[in-house]
$ cat my_file.cif   # mmCIF, C-alpha atoms
data_entry
loop_
_atom_site.label_atom_id
_atom_site.label_comp_id
_atom_site.auth_asym_id
_atom_site.auth_seq_id
_atom_site.Cartn_x
_atom_site.Cartn_y
_atom_site.Cartn_z
CA MET X 1 0.00 0.00 0.00
CA ASN X 2 1.10 3.52 -0.76
CA ASN X 3 2.98 5.15 2.17
CA HIS X 4 0.82 8.24 1.72
CA TYR X 5 -2.31 6.22 2.54
CA ILE X 6 -0.65 4.53 5.52
CA LYS X 7 0.32 7.89 7.04
CA TRP X 8 -3.13 9.32 6.30
CA LYS X 9 -4.83 6.35 7.97
CA GLN X 10 -2.59 6.61 11.03
CA ALA X 11 -3.27 10.34 11.31
CA PHE X 12 -7.04 9.75 11.06
CA ASN X 13 -6.76 7.10 13.81
CA VAL X 14 -4.90 9.53 16.10
CA ILE X 15 -7.34 12.40 15.43
CA SER X 16 -10.36 10.20 16.10
CA LEU X 17 -8.92 8.84 19.33
CA MET X 18 -8.00 12.36 20.45
CA VAL X 19 -11.56 13.59 19.80
CA TRP X 20 -12.86 10.57 21.72
CA SER X 21 -10.53 11.44 24.62
CA VAL X 22 -11.82 15.02 24.65
CA CYS X 23 -15.38 13.67 24.71
CA ILE X 24 -14.72 11.37 27.67
CA THR X 25 -12.84 14.13 29.50
CA ALA X 26 -15.71 16.60 28.97
CA ILE X 27 -18.26 14.09 30.24
CA ILE X 28 -16.18 13.25 33.32
CA ALA X 29 -15.50 16.95 34.05
CA ASN X 30 -19.21 17.78 33.86
CA TYR X 31 -20.65 14.55 35.27
CA GLN X 32 -21.68 16.00 38.66
CA ALA X 33 -23.55 18.86 36.97
CA LEU X 34 -25.60 16.54 34.74
CA PRO X 35 -29.20 15.71 35.68
CA ASP X 36 -30.02 12.29 37.17
CA GLN X 37 -31.84 11.26 33.99
CA VAL X 38 -30.27 11.50 30.51
CA PRO X 39 -31.70 10.71 27.08
CA SER X 40 -31.16 7.11 26.01
CA HIS X 41 -32.98 7.29 22.67
CA TYR X 42 -34.06 9.92 20.20
CA ASN X 43 -36.80 9.78 17.57
CA VAL X 44 -36.10 10.55 13.93
CA PHE X 45 -36.65 14.26 14.60
CA GLY X 46 -33.96 14.40 17.30
CA LYS X 47 -36.37 14.58 20.27
CA ALA X 48 -35.56 12.45 23.32
CA ASP X 49 -38.20 9.74 23.72
CA ALA X 50 -36.56 7.49 26.34
CA TRP X 51 -34.52 8.23 29.45
CA ALA X 52 -31.92 6.40 31.54
CA GLN X 53 -29.78 6.92 34.62
CA LYS X 54 -26.97 9.47 34.47
CA TRP X 55 -24.20 6.88 33.91
CA PHE X 56 -25.78 6.12 30.51
CA ILE X 57 -24.08 9.27 29.16
CA PHE X 58 -20.97 7.07 28.81
CA PHE X 59 -22.76 4.50 26.65
CA MET X 60 -22.24 6.16 23.26
CA PRO X 61 -18.52 6.90 23.69
CA ILE X 62 -17.87 3.40 25.03
CA LEU X 63 -19.90 1.88 22.19
CA GLY X 64 -17.92 4.04 19.76
CA LEU X 65 -14.61 2.83 21.15
CA ALA X 66 -15.76 -0.82 21.13
CA LEU X 67 -16.85 -0.49 17.49
CA TRP X 68 -13.57 1.27 16.67
CA ILE X 69 -11.57 -1.65 18.14
CA PHE X 70 -13.74 -4.22 16.31
CA LEU X 71 -13.48 -2.37 12.99
CA HIS X 72 -9.75 -1.88 13.52
CA GLN X 73 -9.36 -5.66 13.63
CA LEU X 74 -11.65 -6.06 10.63
CA GLU X 75 -9.59 -3.48 8.73
CA LYS X 76 -6.54 -5.72 9.14
CA HIS X 77 -8.46 -8.61 7.50
CA PRO X 78 -10.20 -7.08 4.47
CA LYS X 79 -11.33 -10.47 3.14
CA TYR X 80 -14.33 -10.12 5.50
CA PHE X 81 -15.56 -7.06 3.61
CA HIS X 82 -17.67 -8.41 0.76
CA MET X 83 -17.75 -5.80 -1.96
CA PRO X 84 -18.65 -6.04 -5.64
CA GLY X 85 -15.58 -7.09 -7.58
CA PHE X 86 -13.80 -8.23 -4.44
CA GLY X 87 -13.37 -11.96 -4.35
CA PRO X 88 -10.68 -14.60 -4.33
CA LYS X 89 -8.99 -12.85 -7.27
CA ALA X 90 -8.91 -9.38 -5.74
CA ASN X 91 -5.85 -7.44 -6.71
CA GLU X 92 -3.59 -5.58 -4.28
CA VAL X 93 -5.12 -2.21 -5.14
CA GLN X 94 -8.62 -3.50 -4.32
CA VAL X 95 -7.44 -4.87 -0.99
CA ALA X 96 -5.86 -1.49 -0.16
CA ASN X 97 -9.12 0.24 -1.16
CA VAL X 98 -11.16 -1.95 1.17
CA GLN X 99 -8.71 -1.38 4.01
CA LEU X 100 -8.95 2.37 3.47
CA MET X 101 -12.75 2.15 3.48
CA GLY X 102 -12.61 0.19 6.74
CA ASN X 103 -10.35 2.83 8.26
CA ILE X 104 -12.64 5.65 7.26
CA ILE X 105 -15.82 3.93 8.49
CA LYS X 106 -14.10 3.02 11.76
CA ASN X 107 -13.05 6.60 12.40
CA GLU X 108 -16.32 8.14 11.18
CA THR X 109 -18.14 5.94 13.69
CA LEU X 110 -15.97 7.05 16.59
CA LEU X 111 -16.15 10.72 15.56
CA LEU X 112 -19.94 10.70 15.09
CA LEU X 113 -20.69 8.92 18.37
CA SER X 114 -18.26 11.22 20.20
CA ALA X 115 -19.81 14.33 18.64
CA PHE X 116 -23.34 13.22 19.52
CA SER X 117 -22.22 12.49 23.10
CA LEU X 118 -20.65 15.93 23.38
CA LYS X 119 -23.86 17.45 22.02
CA ASP X 120 -25.91 15.56 24.62
CA THR X 121 -23.61 16.71 27.43
CA TYR X 122 -23.78 20.31 26.19
CA VAL X 123 -27.59 20.23 26.07
CA LEU X 124 -27.90 18.49 29.45
CA LEU X 125 -25.87 21.33 30.97
CA GLY X 126 -28.68 23.71 30.00
CA ASN X 127 -27.46 24.92 26.63
CA ARG X 128 -29.55 24.95 23.48
CA LEU X 129 -28.52 22.94 20.45
CA SER X 130 -30.90 20.97 18.32
CA LEU X 131 -30.04 19.43 14.99
CA GLY X 132 -33.51 17.90 14.72
CA ILE X 133 -33.92 15.65 11.72
CA TRP X 134 -30.49 16.74 10.47
CA GLU X 135 -28.86 14.49 13.09
CA ILE X 136 -30.15 11.30 11.44
CA ILE X 137 -29.49 12.72 7.97
CA ILE X 138 -25.87 13.47 8.90
CA PHE X 139 -25.42 10.10 10.60
CA LEU X 140 -26.80 8.04 7.70
CA GLY X 141 -25.47 10.36 5.00
CA VAL X 142 -21.87 10.01 6.14
CA TYR X 143 -22.05 6.21 5.90
CA VAL X 144 -24.01 6.06 2.65
CA ILE X 145 -21.64 8.46 0.88
CA THR X 146 -18.56 6.62 2.17
CA ILE X 147 -19.81 3.15 1.21
CA VAL X 148 -21.08 4.20 -2.23
CA PHE X 149 -17.80 5.98 -2.97
CA PHE X 150 -15.68 2.95 -2.05
CA VAL X 151 -17.91 0.38 -3.77
CA ILE X 152 -17.77 2.37 -7.02
CA ARG X 153 -14.03 2.84 -6.60
CA ASN X 154 -13.54 -0.89 -5.94
CA VAL X 155 -15.45 -1.90 -9.07
CA ARG X 156 -13.36 0.53 -11.14
CA LEU X 157 -10.14 -0.95 -9.69
CA ARG X 158 -11.04 -4.42 -10.92
#
$ encode --input "my_file.cif" --output "structure tokens"
Amino acid sequence: MNNHYIKWKQAFNVISLMVWSVCITAIIANYQALPDQVPSHYNVFGKADAWAQKWFIFFMPILGLALWIFLHQLEKHPKYFHMPGFGPKANEVQVANVQLMGNIIKNETLLLLSAFSLKDTYVLLGNRLSLGIWEIIIFLGVYVITIVFFVIRNVRLR
């Protein structure tokens, strides 16, 4: 794989983990000021429709880190990504493409879950910030655009 891509992937990993660390630090620093009940689910319009105990504020960042670790391992074994044009005769460029896609999805997941957790903490501290339906559009849009881009790219690399 091209050294440029390797350095880019490593930088994206570091940035994502740093953002995650900031998220966890912000939650810990503000934990005592948070209300006893925090949102545990939002409807499609971004309105809280279920509540949980305060400790649940850590769920999204911990889920994000767990998914990041899982996807990091999957990234190392791209044969488990089943993409059009990617089979037993996949060339080296296709394998590198799938690994890059895995890296991007892994880091997008950690960044999105961290950002949404920071948003929740900010709002729970009495501030106003509502993305409404845009939250689900951003969340799904990021993944759809990434996957479509890499599937098209993989077919072209065949």
$ resolve_selection --input "my_file.cif" --expression "the PyMOL selection byres ((chain X and resi 112) around 12)" --output "PyMOL selection string"
chain X and resi 16-17+19-20+23+60-61+63-65+67-68+104-111+113-119+135-136+138-143
$ write_last_selection --input "my_file.cif" --atoms "C-alpha atoms" --output "mmCIF file, keeping the file's coordinate frame"
data_model
loop_
_atom_site.group_PDB
_atom_site.id
_atom_site.type_symbol
_atom_site.label_atom_id
_atom_site.label_comp_id
_atom_site.auth_asym_id
_atom_site.auth_seq_id
_atom_site.Cartn_x
_atom_site.Cartn_y
_atom_site.Cartn_z
ATOM 1 C CA SER X 16 -10.360 10.200 16.100
ATOM 2 C CA LEU X 17 -8.920 8.840 19.330
ATOM 3 C CA VAL X 19 -11.560 13.590 19.800
ATOM 4 C CA TRP X 20 -12.860 10.570 21.720
ATOM 5 C CA CYS X 23 -15.380 13.670 24.710
ATOM 6 C CA MET X 60 -22.240 6.160 23.260
ATOM 7 C CA PRO X 61 -18.520 6.900 23.690
ATOM 8 C CA LEU X 63 -19.900 1.880 22.190
ATOM 9 C CA GLY X 64 -17.920 4.040 19.760
ATOM 10 C CA LEU X 65 -14.610 2.830 21.150
ATOM 11 C CA LEU X 67 -16.850 -0.490 17.490
ATOM 12 C CA TRP X 68 -13.570 1.270 16.670
ATOM 13 C CA ILE X 104 -12.640 5.650 7.260
ATOM 14 C CA ILE X 105 -15.820 3.930 8.490
ATOM 15 C CA LYS X 106 -14.100 3.020 11.760
ATOM 16 C CA ASN X 107 -13.050 6.600 12.400
ATOM 17 C CA GLU X 108 -16.320 8.140 11.180
ATOM 18 C CA THR X 109 -18.140 5.940 13.690
ATOM 19 C CA LEU X 110 -15.970 7.050 16.590
ATOM 20 C CA LEU X 111 -16.150 10.720 15.560
ATOM 21 C CA LEU X 113 -20.690 8.920 18.370
ATOM 22 C CA SER X 114 -18.260 11.220 20.200
ATOM 23 C CA ALA X 115 -19.810 14.330 18.640
ATOM 24 C CA PHE X 116 -23.340 13.220 19.520
ATOM 25 C CA SER X 117 -22.220 12.490 23.100
ATOM 26 C CA LEU X 118 -20.650 15.930 23.380
ATOM 27 C CA LYS X 119 -23.860 17.450 22.020
ATOM 28 C CA GLU X 135 -28.860 14.490 13.090
ATOM 29 C CA ILE X 136 -30.150 11.300 11.440
ATOM 30 C CA ILE X 138 -25.870 13.470 8.900
ATOM 31 C CA PHE X 139 -25.420 10.100 10.600
ATOM 32 C CA LEU X 140 -26.800 8.040 7.700
ATOM 33 C CA GLY X 141 -25.470 10.360 5.000
ATOM 34 C CA VAL X 142 -21.870 10.010 6.140
ATOM 35 C CA TYR X 143 -22.050 6.210 5.900
#
$ closest_residue --input "my_file.cif" --among "X:Phe56, X:Phe45, X:Phe149, X:Phe70" --to "Leu100 (chain X)" --atoms "all atoms listed in the file"
X:Phe149
$ closest_residue --input "my_file.cif" --among "X:Ile133, X:Val123, X:Met101, X:Ala29" --to "Ile152 (chain X)" --atoms "only C-alpha atoms"
X:Met101
$ atom_distance --input "my_file.cif" --atom1 "CA of Glu75 (chain X)" --atom2 "CA of Gln99 (chain X)"
5.2 Å
$ atom_distance --input "my_file.cif" --atom1 "CA of Val144 (chain X)" --atom2 "CA of Leu124 (chain X)"
29.8 Å
$ atom_distance --input "my_file.cif" --atom1 "CA of Arg158 (chain X)" --atom2 "CA of Gln94 (chain X)"
7.1 Å
$ closest_residue --input "my_file.cif" --among "X:Ser40, X:Thr25, X:Asn97, X:Asn154" --to "Ile6 (chain X)" --atoms "all atoms listed in the file"
X:Asn97
$ resolve_selection --input "my_file.cif" --expression "the PyMOL selection byres ((chain X and resi 50) around 7)" --output "list in words"
Pro39, Ser40, His41, Ala48, Asp49 and Trp51 of chain X
